[in-house]
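The structure appears below as structure tokens.
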Amino acid sequence: MLQSENTKQVPLMSLNRFEAFSDGVFAIAVTLLVIEIKVPDLSQATSSEAITKLLQVLPHVLSYATSFIVIGVIWINHHALFHFIKRVDRPILVINLLLLMCVAFIPYSTALIGEYGASLPVVVFYGLSLAITGFAYNALWFYVVRRYIKTEKLIHQKVVQKATIWTLNYPISYLVAAGLAFISINLSILLYALIPSFYLLPGIIDKQLMEQV
């Protein structure tokens, strides 16, 4: 009895603190996005000049909206994973930190594409940054699947497989979109906006959680 108590795993921190820190990084990241949208000087501008200057801000607004949805999608799915995490250990802390590091970097790549959206290297760089963030989320997903979902049989194996494919397609889609920039920059940017919009729809895990309620 004493041996079982000594070998019992003790969480490094509470799930509430783990989730609160993650939510804080997500909140800061989406806030930094809007800071990059500079207010144009319209104090001496005529109506036509004001319209011209506001149109110049439009690329920043579009990149802001796209990246906001991107971070929102990751946050939604990140929250869904917490239904399966039983305790916080060091591997999940490290993987989660890598994910949050990628999320915190998104405002920088967003500022770049908002300012230089016609530049091929910048458009590709933006797509790669989102793809890397998606792969970081996949690393967290695979760890939770191996550590909790499979060992404790929380979800049927077929559901796990479908959810894994659905999750992997996210960063792969960004890699494809980034590659298409070499053919058409406008098509690539359009896909950057459409991909996260599609993932706003309920996924496999969302449906599974609803069935368990």
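Residues in the structure tokens are numbered from 1 in each chain, the chains being A, B, ... in the order shown, and ligands are numbered from 1 in the order shown.
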Fewer than 4 positions away in the same chain doesn't count, so skip those; otherwise give me all residues within 9 Å of Gly179 of chain A, counting only C-alpha atoms, as a PDB file with N, CA, C and O atoms, in the first residue's frame.
```
ATOM      1  N   VAL A 124       4.548  33.240 -48.400  1.00  0.00           N
ATOM      2  CA  VAL A 124       4.966  31.876 -48.065  1.00  0.00           C
ATOM      3  C   VAL A 124       5.334  31.779 -46.586  1.00  0.00           C
ATOM      4  O   VAL A 124       4.975  30.815 -45.902  1.00  0.00           O
ATOM      5  N   GLY A 127       2.224  31.531 -44.437  1.00  0.00           N
ATOM      6  CA  GLY A 127       1.631  30.196 -44.489  1.00  0.00           C
ATOM      7  C   GLY A 127       2.431  29.177 -43.703  1.00  0.00           C
ATOM      8  O   GLY A 127       1.865  28.321 -43.006  1.00  0.00           O
ATOM      9  N   TYR A 174      -2.256  24.379 -44.938  1.00  0.00           N
ATOM     10  CA  TYR A 174      -1.465  25.610 -44.998  1.00  0.00           C
ATOM     11  C   TYR A 174      -0.184  25.410 -45.807  1.00  0.00           C
ATOM     12  O   TYR A 174       0.272  26.331 -46.491  1.00  0.00           O
ATOM     13  N   LEU A 175       0.396  24.226 -45.726  1.00  0.00           N
ATOM     14  CA  LEU A 175       1.572  23.945 -46.547  1.00  0.00           C
ATOM     15  C   LEU A 175       1.214  23.990 -48.028  1.00  0.00           C
ATOM     16  O   LEU A 175       1.964  24.544 -48.845  1.00  0.00           O
ATOM     17  N   ILE A 183       2.357  29.925 -57.626  1.00  0.00           N
ATOM     18  CA  ILE A 183       1.518  29.987 -58.826  1.00  0.00           C
ATOM     19  C   ILE A 183       0.665  31.253 -58.819  1.00  0.00           C
ATOM     20  O   ILE A 183       0.573  31.971 -59.812  1.00  0.00           O
ATOM     21  N   SER A 188      -3.352  31.930 -52.870  1.00  0.00           N
ATOM     22  CA  SER A 188      -2.777  31.511 -51.594  1.00  0.00           C
ATOM     23  C   SER A 188      -3.395  32.281 -50.435  1.00  0.00           C
ATOM     24  O   SER A 188      -3.790  31.696 -49.419  1.00  0.00           O
TER      25      SER A 188
END
```
Residues flagged alpha helix (DSSP H) by DSSP in chain A, as a PyMOL selection string = chain A and resi 2-6+15-35+47-81+90-115+120-144+157-180+185-198+204-212
Tell me which of A:Tyr143, A:Phe18, A:Phe125, A:Tyr64 sits closest to Lys38 of chain A, counting only C-alpha atoms.
-> A:Tyr64
What is the distance between atom CA of Ala27 of chain A and atom CA of Ile195 of chain A, in Å to one decimal?
-> 21.2 Å
Tell me which protein, DNA and RNA residues are within 8 Å of segment 94-100 of chain A, counting only C-alpha atoms, leaving out same-chain ones fewer than 3 positions away, and put them as an mmCIF file with N, CA, C and O atoms, in the first residue's frame.
```cif
data_model
loop_
_atom_site.group_PDB
_atom_site.id
_atom_site.type_symbol
_atom_site.label_atom_id
_atom_site.label_comp_id
_atom_site.auth_asym_id
_atom_site.auth_seq_id
_atom_site.Cartn_x
_atom_site.Cartn_y
_atom_site.Cartn_z
ATOM 1 N N SER A 22 -2.490 29.250 -20.533
ATOM 2 C CA SER A 22 -2.679 29.087 -21.974
ATOM 3 C C SER A 22 -3.675 30.111 -22.506
ATOM 4 O O SER A 22 -3.426 30.765 -23.528
ATOM 5 N N VAL A 25 -2.097 33.557 -22.884
ATOM 6 C CA VAL A 25 -1.256 33.730 -24.071
ATOM 7 C C VAL A 25 -2.123 33.910 -25.313
ATOM 8 O O VAL A 25 -1.841 34.769 -26.153
ATOM 9 N N PHE A 26 -3.176 33.118 -25.431
ATOM 10 C CA PHE A 26 -4.095 33.270 -26.563
ATOM 11 C C PHE A 26 -4.699 34.669 -26.579
ATOM 12 O O PHE A 26 -4.798 35.307 -27.635
ATOM 13 N N ARG A 90 5.332 16.934 -17.223
ATOM 14 C CA ARG A 90 6.323 17.762 -17.897
ATOM 15 C C ARG A 90 6.230 17.698 -19.419
ATOM 16 O O ARG A 90 6.330 18.745 -20.086
ATOM 17 N N PRO A 91 6.037 16.511 -20.021
ATOM 18 C CA PRO A 91 5.931 16.489 -21.486
ATOM 19 C C PRO A 91 4.811 17.370 -22.026
ATOM 20 O O PRO A 91 5.000 18.100 -23.008
ATOM 21 N N VAL A 103 1.867 30.363 -31.341
ATOM 22 C CA VAL A 103 0.691 31.232 -31.338
ATOM 23 C C VAL A 103 1.106 32.683 -31.113
ATOM 24 O O VAL A 103 0.613 33.599 -31.786
ATOM 25 N N ALA A 104 2.028 32.896 -30.180
ATOM 26 C CA ALA A 104 2.481 34.251 -29.872
ATOM 27 C C ALA A 104 3.242 34.881 -31.036
ATOM 28 O O ALA A 104 3.374 36.110 -31.100
ATOM 29 N N THR A 133 2.482 26.176 -36.532
ATOM 30 C CA THR A 133 1.588 26.252 -35.377
ATOM 31 C C THR A 133 0.626 25.076 -35.366
ATOM 32 O O THR A 133 0.360 24.480 -34.314
ATOM 33 N N ALA A 136 2.413 22.008 -34.240
ATOM 34 C CA ALA A 136 2.631 22.055 -32.793
ATOM 35 C C ALA A 136 1.371 21.604 -32.053
ATOM 36 O O ALA A 136 1.447 20.879 -31.054
ATOM 37 N N TYR A 137 0.204 22.022 -32.562
ATOM 38 C CA TYR A 137 -1.044 21.551 -31.965
ATOM 39 C C TYR A 137 -1.187 20.042 -32.150
ATOM 40 O O TYR A 137 -1.659 19.333 -31.249
ATOM 41 N N ALA A 139 1.177 17.880 -32.245
ATOM 42 C CA ALA A 139 2.048 17.225 -31.273
ATOM 43 C C ALA A 139 1.332 17.085 -29.931
ATOM 44 O O ALA A 139 1.409 16.036 -29.269
ATOM 45 N N LEU A 140 0.616 18.144 -29.541
ATOM 46 C CA LEU A 140 -0.162 18.098 -28.303
ATOM 47 C C LEU A 140 -1.284 17.079 -28.416
ATOM 48 O O LEU A 140 -1.533 16.303 -27.480
#
```
At what distance in Å, to one decimal, does atom CA of Thr110 of chain A lie from atom CA of Ile28 of chain A?
->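 Answer for the atom CA of Ile28 of chain A to atom CA of Thr110 of chain A separation: 14.3 Å.
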From the list A:Arg146, A:Ser63, A:Ala80, A:Ile51, which residue is nearest Leu190 of chain A when using only C-alpha atoms?
->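 Comparing A:Arg146, A:Ser63, A:Ala80, A:Ile51 against Leu190 of chain A, the winner is A:Ser63.
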Top pick for closest residue to Ser129 of chain A, considering A:Leu55, A:Thr164, A:Lys86, A:Cys102 and counting only C-alpha atoms = A:Cys102
Find the spatial neighbours of Asp41 of chain A, counting only C-alpha atoms, within a cut-off of 10 Å - ignore same-chain residues fewer than 5 positions away - and output them as a PyMOL selection string.
-> chain A and resi 50+53-54
So, counting only C-alpha atoms, which residue among A:Ile37, A:Phe135, A:Val160, A:Ile165 is closest to Leu58 of chain A?
->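 Of A:Ile37, A:Phe135, A:Val160, A:Ile165, the one nearest Leu58 of chain A, counting only C-alpha atoms, is A:Ile37.
With only C-alpha atoms as the atoms that count, the residue of A:Pro59, A:Gly72, A:Gly24, A:Gly134 with the shortest distance to Glu115 of chain A is A:Pro59.
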Any idea what's packed within 10 Å of Thr167 of chain A, counting only C-alpha atoms, ignoring anything in its chain fewer than 2 positions away? Could you give it as number ranges by chain?
-> A: 77, 134-135, 137-138, 141-142, 161-165, 169-172, 199, 203-205
